[in-house]
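Student: work-v3.cif is reproduced below (mmCIF, C-alpha atoms).
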data_my_file
#
loop_
_atom_site.label_atom_id
_atom_site.label_comp_id
_atom_site.auth_asym_id
_atom_site.auth_seq_id
_atom_site.Cartn_x
_atom_site.Cartn_y
_atom_site.Cartn_z
CA MET A 1 0.00 0.00 0.00
CA THR A 2 1.05 3.58 -0.57
CA SER A 3 1.65 5.29 2.73
CA SER A 4 0.81 8.79 3.80
CA PRO A 5 3.61 11.30 4.38
CA ARG A 6 3.67 10.08 7.98
CA THR A 7 4.17 6.41 7.16
CA GLY A 8 3.60 4.20 10.15
CA ALA A 9 1.94 6.90 12.23
CA ARG A 10 -1.31 6.01 13.90
CA PRO A 11 -4.23 8.26 12.98
CA ARG A 12 -4.46 9.98 16.34
CA ALA A 13 -7.19 12.45 17.04
CA SER A 14 -6.77 15.68 18.92
CA GLY A 15 -8.57 16.48 22.14
CA ARG A 16 -11.62 17.32 20.08
CA ARG A 17 -11.56 13.75 18.78
CA LEU A 18 -12.98 14.50 15.33
CA LEU A 19 -9.94 16.60 14.35
CA PRO A 20 -6.98 14.22 13.83
CA THR A 21 -3.44 15.56 13.90
CA ASP A 22 -2.38 13.77 10.71
CA PRO A 23 -2.89 16.34 7.91
CA LEU A 24 -3.92 13.73 5.36
CA LEU A 25 -6.48 12.14 7.65
CA ARG A 26 -7.70 15.55 8.76
CA ARG A 27 -8.50 16.42 5.14
CA LEU A 28 -10.25 13.07 4.66
CA VAL A 29 -12.34 13.83 7.75
CA LEU A 30 -13.30 17.25 6.37
CA MET A 31 -14.23 15.63 3.06
CA GLY A 32 -16.38 13.07 4.85
CA LEU A 33 -18.07 15.73 6.95
CA VAL A 34 -18.95 17.94 3.98
CA ASN A 35 -20.19 14.96 1.98
CA SER A 36 -22.36 13.57 4.78
CA VAL A 37 -23.95 16.94 5.58
CA GLY A 38 -24.99 17.14 1.93
CA ASP A 39 -26.31 13.58 2.08
CA GLY A 40 -28.32 14.42 5.18
CA LEU A 41 -29.90 17.39 3.43
CA PHE A 42 -30.89 15.34 0.38
CA VAL A 43 -31.99 12.10 2.02
CA THR A 44 -34.26 13.94 4.44
CA VAL A 45 -36.26 15.73 1.74
CA ASN A 46 -35.90 13.59 -1.39
CA VAL A 47 -39.07 11.50 -1.09
CA LEU A 48 -41.26 14.50 -0.33
CA PHE A 49 -39.63 16.42 -3.18
CA PHE A 50 -40.29 13.59 -5.62
CA THR A 51 -43.92 13.29 -4.59
CA ARG A 52 -44.96 16.87 -3.79
CA SER A 53 -42.84 18.84 -6.27
CA ILE A 54 -42.35 16.45 -9.19
CA GLY A 55 -45.78 14.89 -8.71
CA LEU A 56 -44.79 11.21 -8.65
CA THR A 57 -46.83 8.72 -6.65
CA PRO A 58 -45.22 7.01 -3.64
CA ALA A 59 -45.37 3.69 -5.49
CA SER A 60 -43.58 5.20 -8.50
CA VAL A 61 -40.87 6.66 -6.26
CA ALA A 62 -40.38 3.30 -4.53
CA LEU A 63 -40.13 1.49 -7.87
CA GLY A 64 -37.72 4.04 -9.31
CA LEU A 65 -35.46 3.97 -6.27
CA THR A 66 -35.45 0.16 -6.31
CA VAL A 67 -34.37 0.11 -9.96
CA ALA A 68 -31.72 2.71 -9.14
CA GLY A 69 -30.52 0.58 -6.23
CA VAL A 70 -30.02 -2.37 -8.56
CA CYS A 71 -27.99 -0.15 -10.88
CA GLY A 72 -25.87 0.84 -7.90
CA VAL A 73 -25.12 -2.81 -7.14
CA PHE A 74 -23.49 -3.24 -10.55
CA ALA A 75 -21.57 0.05 -10.50
CA GLY A 76 -18.89 -0.80 -7.94
CA VAL A 77 -16.79 -3.30 -9.90
CA PRO A 78 -16.42 -1.38 -13.19
CA MET A 79 -15.79 1.85 -11.30
CA GLY A 80 -13.20 0.11 -9.15
CA ARG A 81 -11.45 -1.37 -12.17
CA LEU A 82 -11.37 2.06 -13.78
CA ALA A 83 -9.82 3.48 -10.60
CA ASP A 84 -7.10 0.81 -10.74
CA ARG A 85 -6.29 1.97 -14.27
CA VAL A 86 -6.46 5.75 -14.03
CA GLY A 87 -6.00 6.34 -10.28
CA THR A 88 -8.49 6.79 -7.46
CA LYS A 89 -7.93 10.51 -6.96
CA ARG A 90 -8.11 11.33 -10.66
CA LEU A 91 -11.36 9.41 -11.06
CA LEU A 92 -12.98 11.00 -8.01
CA LEU A 93 -12.08 14.46 -9.30
CA VAL A 94 -14.32 13.69 -12.27
CA VAL A 95 -17.06 11.83 -10.41
CA GLY A 96 -17.66 14.60 -7.84
CA PRO A 97 -18.88 17.22 -10.35
CA LEU A 98 -20.94 14.54 -12.11
CA GLU A 99 -22.69 13.73 -8.82
CA ALA A 100 -23.39 17.44 -8.34
CA ALA A 101 -24.90 17.65 -11.84
CA ALA A 102 -27.04 14.57 -11.20
CA VAL A 103 -28.50 16.02 -8.00
CA LEU A 104 -29.28 19.33 -9.70
CA GLY A 105 -30.88 17.39 -12.52
CA TYR A 106 -33.74 16.34 -10.23
CA ALA A 107 -34.96 19.94 -10.28
CA PHE A 108 -35.71 19.59 -14.01
CA VAL A 109 -37.42 16.19 -13.92
CA HIS A 110 -41.11 16.13 -14.87
CA SER A 111 -41.79 12.49 -15.76
CA PHE A 112 -41.37 9.04 -14.27
CA ALA A 113 -39.08 7.87 -17.09
CA ALA A 114 -36.73 10.82 -16.62
CA PHE A 115 -36.77 10.26 -12.87
CA VAL A 116 -35.75 6.60 -13.23
CA VAL A 117 -32.92 7.40 -15.67
CA LEU A 118 -31.53 10.15 -13.47
CA ALA A 119 -31.93 8.13 -10.27
CA CYS A 120 -30.04 5.24 -11.86
CA ALA A 121 -27.22 7.54 -12.95
CA ALA A 122 -27.01 9.27 -9.57
CA THR A 123 -27.05 6.00 -7.63
CA ALA A 124 -24.46 4.36 -9.88
CA LEU A 125 -22.17 7.35 -9.41
CA SER A 126 -22.74 7.31 -5.64
CA ARG A 127 -22.10 3.59 -5.16
CA GLY A 128 -19.15 3.63 -7.53
CA ALA A 129 -17.65 6.64 -5.76
CA ALA A 130 -17.97 4.85 -2.40
CA ALA A 131 -15.88 1.96 -3.74
CA VAL A 132 -13.27 4.31 -5.20
CA ARG A 133 -13.04 6.30 -1.95
CA SER A 134 -12.48 3.06 -0.06
CA ALA A 135 -9.64 2.19 -2.44
CA LEU A 136 -8.23 5.72 -2.05
CA ILE A 137 -8.08 5.29 1.72
CA ALA A 138 -6.46 1.87 1.30
CA ARG A 139 -3.69 3.39 -0.79
CA ALA A 140 -3.28 6.67 1.06
CA LEU A 141 -3.10 5.60 4.70
CA PRO A 142 -0.66 3.21 6.42
CA ALA A 143 -2.11 -0.26 6.81
CA GLU A 144 -1.84 -0.41 10.59
CA GLY A 145 -4.01 2.67 11.08
CA GLN A 146 -6.69 2.16 8.47
CA VAL A 147 -9.40 0.52 10.57
CA ARG A 148 -9.17 3.21 13.22
CA ALA A 149 -9.19 5.88 10.51
CA ARG A 150 -12.28 4.39 8.89
CA ALA A 151 -13.97 4.24 12.28
CA LEU A 152 -13.25 7.95 12.75
CA LEU A 153 -14.60 8.70 9.28
CA ARG A 154 -17.78 6.74 10.02
CA SER A 155 -18.28 8.67 13.26
CA VAL A 156 -17.90 11.93 11.37
CA MET A 157 -20.27 10.70 8.66
CA ASN A 158 -23.01 10.03 11.20
CA ALA A 159 -22.46 13.41 12.82
CA GLY A 160 -22.71 15.05 9.40
CA LEU A 161 -25.93 13.21 8.60
CA VAL A 162 -27.46 14.50 11.83
CA VAL A 163 -26.42 18.07 11.01
CA GLY A 164 -27.75 17.78 7.45
CA SER A 165 -31.03 16.26 8.58
CA GLY A 166 -31.47 19.07 11.10
CA GLY A 167 -30.86 21.69 8.42
CA ALA A 168 -33.34 20.01 6.09
CA ALA A 169 -36.02 20.34 8.76
CA VAL A 170 -36.38 23.96 7.67
CA ALA A 171 -37.29 22.87 4.14
CA LEU A 172 -39.68 20.26 5.48
CA GLN A 173 -41.44 22.89 7.56
CA ALA A 174 -41.76 25.24 4.57
CA ASP A 175 -42.90 22.36 2.33
CA SER A 176 -42.30 24.42 -0.82
CA HIS A 177 -40.71 23.72 -4.19
CA THR A 178 -38.18 26.49 -3.56
CA GLY A 179 -37.18 25.03 -0.22
CA TYR A 180 -36.68 21.55 -1.63
CA VAL A 181 -34.66 22.82 -4.60
CA THR A 182 -32.49 24.80 -2.19
CA MET A 183 -31.60 21.51 -0.46
CA LEU A 184 -30.67 20.01 -3.84
CA VAL A 185 -28.42 22.99 -4.58
CA LEU A 186 -26.71 22.73 -1.21
CA ASP A 187 -26.16 19.01 -1.74
CA ALA A 188 -24.60 19.75 -5.13
CA VAL A 189 -22.39 22.36 -3.50
CA SER A 190 -21.25 19.73 -1.00
CA PHE A 191 -20.07 17.49 -3.85
CA LEU A 192 -18.12 20.37 -5.35
CA GLY A 193 -16.67 21.21 -1.94
CA VAL A 194 -15.47 17.64 -1.50
CA THR A 195 -13.87 17.81 -4.95
CA VAL A 196 -11.98 20.99 -4.01
CA LEU A 197 -10.73 19.35 -0.80
CA LEU A 198 -9.78 16.22 -2.75
CA ALA A 199 -7.69 18.26 -5.19
CA GLY A 200 -5.42 19.28 -2.32
CA LEU A 201 -5.14 15.78 -0.87
CA PRO A 202 -1.43 14.84 -0.75
CA VAL A 203 -1.70 11.58 -2.69
CA ALA A 204 -0.81 10.73 -6.27
CA ALA A 205 -3.57 11.47 -8.80
CA THR A 206 -2.52 8.59 -11.04
CA ALA A 207 -2.78 4.86 -10.51
CA PRO A 208 0.11 3.38 -8.45
CA THR A 209 0.14 0.21 -10.56
CA ALA A 210 3.81 0.27 -11.47
CA THR A 211 5.03 1.12 -7.96
CA THR A 212 2.84 -1.50 -6.35
CA ALA A 213 3.83 -4.13 -8.90
CA ASN A 214 7.52 -3.42 -8.29
CA ALA A 215 7.01 -3.72 -4.54
CA SER A 216 5.20 -7.02 -5.01
CA ALA A 217 7.95 -8.32 -7.25
CA ALA A 218 10.56 -7.32 -4.68
CA ALA A 219 8.62 -9.32 -2.13
CA GLY A 220 8.80 -12.37 -4.36
CA ASP A 221 5.29 -12.10 -5.85
CA ALA A 222 5.64 -11.52 -9.58
CA ARG A 223 2.22 -12.91 -10.45
CA ARG A 224 -0.46 -10.82 -12.08
CA PRO A 225 -2.98 -9.18 -9.72
CA ARG A 226 -5.83 -11.44 -8.68
CA THR A 227 -9.25 -10.81 -10.14
CA ALA A 228 -11.82 -10.11 -7.45
CA LEU A 229 -14.68 -11.74 -9.35
CA ARG A 230 -12.68 -14.99 -9.50
CA ASP A 231 -11.54 -14.88 -5.88
CA ARG A 232 -14.14 -17.29 -4.49
CA ARG A 233 -13.19 -16.88 -0.87
CA TYR A 234 -13.37 -13.09 -1.11
CA LEU A 235 -16.75 -13.34 -2.82
CA LEU A 236 -18.03 -15.62 -0.06
CA VAL A 237 -16.76 -13.28 2.66
CA THR A 238 -18.44 -10.41 0.81
CA ALA A 239 -21.74 -12.31 0.63
CA LEU A 240 -21.71 -13.29 4.31
CA HIS A 241 -20.86 -9.78 5.42
CA ALA A 242 -23.69 -8.54 3.19
CA VAL A 243 -26.02 -10.73 5.25
CA LEU A 244 -24.83 -8.89 8.36
CA GLU A 245 -25.43 -5.63 6.52
CA LEU A 246 -29.14 -6.45 6.53
CA GLN A 247 -29.05 -4.82 9.95
CA LEU A 248 -29.45 -1.45 8.23
CA ALA A 249 -32.84 -2.45 6.82
CA VAL A 250 -33.82 -3.76 10.26
CA LEU A 251 -33.07 -0.35 11.73
CA THR A 252 -34.51 1.87 8.98
CA VAL A 253 -37.46 -0.18 7.70
CA GLY A 254 -38.37 -3.11 9.94
CA LEU A 255 -38.10 -1.41 13.30
CA PRO A 256 -40.17 1.72 12.51
CA LEU A 257 -42.96 -0.43 11.04
CA TRP A 258 -42.75 -2.86 13.96
CA ILE A 259 -42.97 -0.05 16.52
CA VAL A 260 -46.08 1.41 14.90
CA LEU A 261 -47.84 -1.79 13.80
CA GLY A 262 -46.69 -4.50 16.18
CA THR A 263 -46.14 -2.96 19.59
CA GLY A 264 -47.96 -0.68 22.00
CA ALA A 265 -45.04 1.74 22.20
CA PRO A 266 -45.67 5.37 21.15
CA ALA A 267 -44.58 6.35 17.63
CA ALA A 268 -42.06 8.79 19.12
CA VAL A 269 -39.88 5.77 20.00
CA VAL A 270 -38.95 5.60 16.28
CA ALA A 271 -37.10 8.90 16.60
CA ALA A 272 -35.60 7.88 19.95
CA VAL A 273 -34.17 4.69 18.43
CA ASN A 274 -32.57 6.67 15.61
CA VAL A 275 -31.02 9.09 18.08
CA VAL A 276 -29.61 6.23 20.17
CA ASN A 277 -28.11 4.61 17.08
CA CYS A 278 -26.54 7.80 15.71
CA LEU A 279 -25.10 8.90 19.05
CA LEU A 280 -23.57 5.50 19.78
CA VAL A 281 -21.94 5.35 16.35
CA VAL A 282 -20.55 8.87 16.67
CA LEU A 283 -19.22 8.27 20.18
CA PHE A 284 -18.05 4.65 20.11
CA GLN A 285 -17.18 3.54 16.55
CA VAL A 286 -13.51 4.47 17.04
CA ARG A 287 -13.38 2.65 20.39
CA ALA A 288 -15.06 -0.43 18.93
CA SER A 289 -12.37 -0.67 16.26
CA ARG A 290 -9.40 -0.70 18.63
CA GLY A 291 -9.19 -4.46 18.97
CA VAL A 292 -9.55 -5.11 15.25
CA THR A 293 -5.98 -5.26 13.98
CA ASP A 294 -5.83 -8.16 11.53
CA VAL A 295 -7.95 -10.69 9.67
CA ALA A 296 -8.31 -13.00 12.68
CA SER A 297 -9.52 -10.26 15.03
CA ALA A 298 -11.80 -8.92 12.27
CA ALA A 299 -13.46 -12.31 11.90
CA ARG A 300 -13.96 -12.53 15.66
CA ALA A 301 -15.46 -9.02 15.70
CA CYS A 302 -17.92 -9.98 12.97
CA ALA A 303 -18.90 -13.18 14.79
CA ARG A 304 -19.48 -11.36 18.07
CA GLY A 305 -21.27 -8.54 16.31
CA ALA A 306 -23.54 -11.03 14.56
CA LEU A 307 -24.55 -12.53 17.90
CA LEU A 308 -25.35 -9.07 19.21
CA LEU A 309 -27.47 -8.36 16.13
CA ALA A 310 -29.31 -11.62 16.76
CA GLY A 311 -29.81 -10.65 20.39
CA GLY A 312 -31.19 -7.27 19.34
CA CYS A 313 -33.77 -8.98 17.12
CA LEU A 314 -34.91 -11.17 20.02
CA VAL A 315 -35.30 -8.12 22.26
CA TYR A 316 -37.32 -6.40 19.53
CA ALA A 317 -39.60 -9.45 19.40
CA ALA A 318 -40.20 -9.22 23.15
CA ALA A 319 -41.50 -5.67 22.72
CA GLN A 320 -44.74 -7.15 21.38
CA TYR A 321 -45.73 -8.15 24.89
CA GLY A 322 -46.50 -5.95 27.88
CA PRO A 323 -47.65 -2.35 28.37
CA ALA A 324 -46.47 0.65 26.37
CA TRP A 325 -43.69 1.62 28.79
CA ALA A 326 -42.27 -1.90 28.80
CA ALA A 327 -42.40 -2.06 25.00
CA ALA A 328 -40.59 1.26 24.71
CA GLY A 329 -37.92 0.10 27.14
CA ALA A 330 -37.42 -3.16 25.25
CA LEU A 331 -37.12 -1.35 21.93
CA LEU A 332 -34.51 1.06 23.26
CA ALA A 333 -32.59 -1.82 24.86
CA GLY A 334 -32.76 -3.72 21.59
CA ALA A 335 -31.46 -0.67 19.72
CA LEU A 336 -28.51 -0.50 22.13
CA VAL A 337 -27.61 -4.16 21.58
CA HIS A 338 -28.21 -3.83 17.84
CA THR A 339 -25.89 -0.81 17.55
CA LEU A 340 -23.11 -2.55 19.48
CA GLY A 341 -23.35 -5.36 16.94
CA GLU A 342 -23.31 -2.84 14.09
CA LEU A 343 -20.13 -1.22 15.47
CA LEU A 344 -18.29 -4.56 15.60
CA THR A 345 -19.44 -5.88 12.22
CA SER A 346 -18.52 -2.59 10.56
CA ALA A 347 -15.00 -2.58 12.02
CA GLY A 348 -14.50 -6.23 11.11
CA GLY A 349 -15.82 -5.73 7.60
CA TRP A 350 -13.37 -2.92 6.84
CA THR A 351 -10.39 -5.07 7.78
CA LEU A 352 -11.61 -8.11 5.87
CA SER A 353 -12.33 -6.07 2.74
CA LEU A 354 -8.81 -4.62 2.79
CA ASP A 355 -6.58 -7.38 4.13
CA LEU A 356 -8.09 -10.15 1.99
CA ALA A 357 -7.75 -8.04 -1.17
CA ASP A 358 -4.87 -8.00 -3.59
CA PRO A 359 -3.25 -4.58 -2.90
CA ARG A 360 -2.52 -4.21 -6.62
CA ALA A 361 -6.25 -4.22 -7.41
CA HIS A 362 -7.81 -2.39 -4.47
CA GLY A 363 -10.28 -0.59 -6.69
CA GLU A 364 -11.81 -3.79 -8.07
CA TYR A 365 -11.82 -5.56 -4.69
CA GLN A 366 -13.45 -2.62 -2.91
CA GLY A 367 -15.94 -2.45 -5.77
CA VAL A 368 -16.92 -6.07 -5.13
CA PHE A 369 -17.24 -5.56 -1.38
CA MET A 370 -19.26 -2.37 -1.78
CA SER A 371 -21.50 -4.08 -4.32
CA GLY A 372 -22.27 -6.72 -1.70
CA GLN A 373 -23.31 -4.00 0.72
CA ALA A 374 -25.37 -2.28 -1.97
CA ALA A 375 -27.18 -5.56 -2.73
CA ALA A 376 -28.01 -5.95 0.96
CA HIS A 377 -29.44 -2.44 1.01
CA VAL A 378 -31.61 -3.21 -2.03
CA ILE A 379 -33.06 -6.52 -0.85
CA GLY A 380 -32.96 -5.72 2.87
CA PRO A 381 -36.34 -3.95 3.07
CA LEU A 382 -38.02 -6.90 1.35
CA VAL A 383 -36.33 -9.49 3.59
CA VAL A 384 -37.20 -7.61 6.76
CA THR A 385 -40.77 -7.01 5.63
CA LEU A 386 -41.35 -10.67 4.76
CA THR A 387 -40.04 -11.78 8.15
CA ALA A 388 -40.38 -9.37 11.06
CA VAL A 389 -43.07 -7.06 9.71
CA ASP A 390 -45.34 -9.75 8.26
CA HIS A 391 -44.86 -12.47 10.90
CA GLY A 392 -44.15 -10.55 14.09
CA ALA A 393 -42.17 -12.24 16.84
CA VAL A 394 -41.65 -15.40 14.77
CA GLY A 395 -40.17 -13.31 11.97
CA TRP A 396 -37.80 -11.58 14.39
CA VAL A 397 -36.62 -14.99 15.61
CA VAL A 398 -35.95 -16.01 12.00
CA LEU A 399 -33.88 -12.86 11.45
CA ALA A 400 -31.99 -13.54 14.67
CA GLY A 401 -31.16 -17.01 13.36
CA VAL A 402 -29.90 -15.58 10.07
CA PHE A 403 -27.51 -13.23 11.87
CA ALA A 404 -26.43 -15.89 14.37
CA LEU A 405 -25.48 -18.26 11.54
CA ALA A 406 -23.83 -15.70 9.26
CA GLY A 407 -21.21 -14.60 11.80
CA PRO A 408 -19.69 -18.02 12.58
CA ALA A 409 -19.96 -18.95 8.89
CA LEU A 410 -17.86 -15.93 8.00
CA SER A 411 -15.25 -16.90 10.58
CA ALA A 412 -15.15 -20.44 9.17
CA VAL A 413 -14.57 -19.12 5.65
CA VAL A 414 -11.77 -16.83 6.81
CA ARG A 415 -10.05 -19.55 8.83
CA GLY A 416 -6.95 -20.67 6.99
CA THR A 417 -7.07 -17.82 4.47
CA ALA A 418 -3.67 -16.85 3.15
CA VAL A 419 -3.16 -13.10 3.50
CA PRO A 420 -1.91 -11.30 0.34
CA GLY A 421 1.68 -10.22 0.81
CA ALA A 422 2.33 -12.67 3.66
CA ALA A 423 5.12 -15.18 3.56
CA PRO A 424 4.42 -18.28 1.46
CA GLY A 425 2.38 -20.76 3.47
CA ALA A 426 1.26 -18.16 6.02
CA ALA A 427 -2.38 -18.35 6.92
CA VAL A 428 -4.86 -16.68 9.16
CA ARG A 429 -5.77 -18.43 12.40
CA VAL A 430 -9.14 -17.52 13.80
CA GLY A 431 -9.41 -18.45 17.44
#
Reformat the file's structure so that it appears as structure tokens.
Tutor:
Amino acid sequence: MTSSPRTGARPRASGRRLLPTDPLLRRLVLMGLVNSVGDGLFVTVNVLFFTRSIGLTPASVALGLTVAGVCGVFAGVPMGRLADRVGTKRLLLVVGPLEAAAVLGYAFVHSFAAFVVLACAATALSRGAAAVRSALIARALPAEGQVRARALLRSVMNAGLVVGSGGAAVALQADSHTGYVTMLVLDAVSFLGVTVLLAGLPVAATAPTATTANASAAAGDARRPRTALRDRRYLLVTALHAVLELQLAVLTVGLPLWIVLGTGAPAAVVAAVNVVNCLLVVLFQVRASRGVTDVASAARACARGALLLAGGCLVYAAAQYGPAWAAAGALLAGALVHTLGELLTSAGGWTLSLDLADPRAHGEYQGVFMSGQAAAHVIGPLVVTLTAVDHGAVGWVVLAGVFALAGPALSAVVRGTAVPGAAPGAAVRVG
């Protein structure tokens, strides 16, 4: 991997925690903050804008966003391969303005067909850019500090989403075309701001293929880079971690519907659960990543996190019984357990996606891993609806079983995996 100017330095944060001392990481944090504030603005108002300003029906919006989500699943690999060829920074400098143009394009949409086309383009750019940014981080930061750095970036992302969502509340209150379009413009500005910050990022704009290949050859590995789509073990790890990623649909789709339709808890608990989740991620994602230092510890983190996700589902199921106060308490307790599982599976997933990849093809490998996550986000609402929402406590137990099986299965797949760049015959031991 290509190191930052402070090779080997850990990405320490200052006393204010979200402001790291490493100049490269500090710029990445600022980029993440600007990007997530823009995302918070857009995500908060987009459905109402599509229905109230464009005039689409809720069913049409749902269908269009589902089609766009499928497009996003297939965007990661080609975008990652392109990044391996032309360089992650160079590609992102082009993608950022394109994302800004796509968001602004919504203001000129007046038909369902145009909405679907633009949504597909915007989602493909977004999912592809996520894979390329992951590859950029893999090549820009020293290996030993990457998980902690990604945890810091995720904390900042959640903080930015909260800020953006709060700002969008003004547009929601006004409920006007002008207010919604203003949010689109601000989101577009955030993409351009990230691009400006990226231009000053102290990493090479071109692909490091030659340097990385020479380093690999010096280490005794003169073979061609592996192809992610033919790396069966990596694909299986990606698929199993995607199962764990269903937790997002549990939190954003299944739980709100369950609270309103299946329990006696007040609807306000939906907001309380979201606050608990966001605050815990902001405050504890960095701490949760401290013990994840290699493939073995990453597999253990995913296995433990999976059990916590399963436990959260069982607690959610228990909220069906008892008075309103007991249901509310169970739901908040379940959200706490759920979020702890999310913190561990996220930290473990970052390490597995990086350390099991061929460092000469980070773009393609990150594209595959991100595509797995995107697929989980597309099918997650359907899976959660068909289980927990439709079948109540029994459905929650089924979901708990899925999580409980996926974690140990992932550990079993990782066990014995040879790590790229390790000495011949070296393997990962998962204890």
Student: Could you give me, as a PyMOL selection string, the residues within 12 Å of Leu198 (chain A), counting all atoms listed in the file and dropping anything in the same chain fewer than 3 positions from it?
Tutor: chain A and resi 24-32+34-35+88-97+133+136-137+191-195+201-205
Student: Would you please work out which residue, of A:Ala335, A:Ala149, A:Ala228, A:Ala168, is nearest to Gln285 (chain A) when using all atoms listed in the file?
Tutor: A:Ala149
Student: On this structure, the PyMOL selection byres ((chain A and resi 401) around 10) would catch which residues? List them as a ChimeraX atom specification, sorted by chain and number.
Tutor: /A:306-307,309-311,313-314,395-400,402-406
Student: For those residues, write C-alpha atoms to a file as a short mmCIF file (atom, residue, chain, number, x, y, z; two decimals), in the coordinates of the input.
Tutor:
data_model
loop_
_atom_site.label_atom_id
_atom_site.label_comp_id
_atom_site.auth_asym_id
_atom_site.auth_seq_id
_atom_site.Cartn_x
_atom_site.Cartn_y
_atom_site.Cartn_z
CA ALA A 306 -23.54 -11.03 14.56
CA LEU A 307 -24.55 -12.53 17.90
CA LEU A 309 -27.47 -8.36 16.13
CA ALA A 310 -29.31 -11.62 16.76
CA GLY A 311 -29.81 -10.65 20.39
CA CYS A 313 -33.77 -8.98 17.12
CA LEU A 314 -34.91 -11.17 20.02
CA GLY A 395 -40.17 -13.31 11.97
CA TRP A 396 -37.80 -11.58 14.39
CA VAL A 397 -36.62 -14.99 15.61
CA VAL A 398 -35.95 -16.01 12.00
CA LEU A 399 -33.88 -12.86 11.45
CA ALA A 400 -31.99 -13.54 14.67
CA VAL A 402 -29.90 -15.58 10.07
CA PHE A 403 -27.51 -13.23 11.87
CA ALA A 404 -26.43 -15.89 14.37
CA LEU A 405 -25.48 -18.26 11.54
CA ALA A 406 -23.83 -15.70 9.26
#
Student: Quick one: of A:Leu331, A:Val292, A:Ala159, A:Val368, who's nearest to Glu144 (chain A), counting only C-alpha atoms?
Tutor: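 Nearest candidate to Glu144 (chain A) out of A:Leu331, A:Val292, A:Ala159, A:Val368: A:Val292.
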Student: For Gly341 (chain A), please output as an MDAnalysis selection string all residues within 10 Å (counting only C-alpha atoms; exclusion window: fewer than 4 positions along the same chain).
Tutor: chainID A and resid 244 247 288 301:312 335:337 345:346
Student: Tell me, as a list in words, which residues lie within 8 Å of Trp350 (chain A), counting only C-alpha atoms; anything in the same chain fewer than 3 positions away does not count.
Tutor: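 Final neighbour list, sorted by chain and number: Val147, Arg150, Ser346, Ala347, Ser353 and Leu354 of chain A.
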Student: Counting all atoms listed in the file, which residue out of A:Val295, A:Ala271, A:Ala393, A:Met157 sits closest to Thr351 (chain A)?
Tutor: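 Nearest candidate to Thr351 (chain A) out of A:Val295, A:Ala271, A:Ala393, A:Met157: A:Val295.
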Student: Write out as number ranges by chain the residues lying within 12 Å of Gly160 (chain A), counting all atoms listed in the file and excluding same-chain residues fewer than 5 positions away.
Tutor: A: 18, 29-41, 153-155, 165-167, 190, 278-279, 281-282
Student: Quick one: which residues end up in the PyMOL selection byres ((chain A and resi 375) around 9) for this structure, as a list in words?
Tutor: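 Evaluating the PyMOL selection byres ((chain A and resi 375) around 9) on this file yields Gly69, Val70, Gly72, Val73, Phe74, Ala242, Met370, Ser371, Gly372, Gln373, Ala374, Ala376, His377, Val378, Ile379 and Gly380 of chain A.
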Student: Given the choices A:Val67, A:Val163, A:Leu255, A:Ala296, which gets closest to Gly349 (chain A) if the distance is worked out from all atoms listed in the file?
Tutor: A:Ala296
Student: Report as a PyMOL selection string the full result of the PyMOL selection byres ((chain A and resi 126) around 10) when it is applied to this structure.
Tutor: chain A and resi 72+75-76+95-96+98-99+120-125+127-132
Student: Take every atom of region 142-154 of chain A listed in the file, pad by 3 Å on each side, and give me the axis-aligned box centre and edge lengths in Å, one decimal, as AutoDock Vina command-line options.
Tutor:
--center_x -9.2 --center_y 4.1 --center_z 9.8 --size_x 23.1 --size_y 15.1 --size_z 12.8
Student: Between CA of Val269 (chain A) and CA of Val47 (chain A), what distance in Å does the model show, to one decimal?
Tutor: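 Between CA of Val269 (chain A) and CA of Val47 (chain A) the gap works out to 21.9 Å.
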Student: Just give me the gap between CA of Thr238 (chain A) and CA of Leu410 (chain A) in Å, one decimal is fine.
Tutor: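 Straight-line distance from CA of Thr238 (chain A) to CA of Leu410 (chain A) works out to 9.1 Å.
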Student: To one decimal place in Å, what is the distance between CA of Val181 (chain A) and CA of Asn158 (chain A)?
Tutor: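 Calculated distance between CA of Val181 (chain A) and CA of Asn158 (chain A) is 23.4 Å.
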Student: Tell me, as an MDAnalysis selection string, which residues lie within 12 Å of Ile259 (chain A), counting all atoms listed in the file; anything in the same chain fewer than 6 positions away does not count.
Tutor: chainID A and resid 250:253 265:273 316:321 324 327:332 334:335 388:389 392
Student: Using C-alpha atoms, can you export the residues from the last selection as a compact mmCIF listing (two decimals), in the coordinates of the input?
Tutor:
# COMPACT_ATOMS: atom_id res chain seq x y z
CA VAL A 250 -33.82 -3.76 10.26
CA LEU A 251 -33.07 -0.35 11.73
CA THR A 252 -34.51 1.87 8.98
CA VAL A 253 -37.46 -0.18 7.70
CA ALA A 265 -45.04 1.74 22.20
CA PRO A 266 -45.67 5.37 21.15
CA ALA A 267 -44.58 6.35 17.63
CA ALA A 268 -42.06 8.79 19.12
CA VAL A 269 -39.88 5.77 20.00
CA VAL A 270 -38.95 5.60 16.28
CA ALA A 271 -37.10 8.90 16.60
CA ALA A 272 -35.60 7.88 19.95
CA VAL A 273 -34.17 4.69 18.43
CA TYR A 316 -37.32 -6.40 19.53
CA ALA A 317 -39.60 -9.45 19.40
CA ALA A 318 -40.20 -9.22 23.15
CA ALA A 319 -41.50 -5.67 22.72
CA GLN A 320 -44.74 -7.15 21.38
CA TYR A 321 -45.73 -8.15 24.89
CA ALA A 324 -46.47 0.65 26.37
CA ALA A 327 -42.40 -2.06 25.00
CA ALA A 328 -40.59 1.26 24.71
CA GLY A 329 -37.92 0.10 27.14
CA ALA A 330 -37.42 -3.16 25.25
CA LEU A 331 -37.12 -1.35 21.93
CA LEU A 332 -34.51 1.06 23.26
CA GLY A 334 -32.76 -3.72 21.59
CA ALA A 335 -31.46 -0.67 19.72
CA ALA A 388 -40.38 -9.37 11.06
CA VAL A 389 -43.07 -7.06 9.71
CA GLY A 392 -44.15 -10.55 14.09
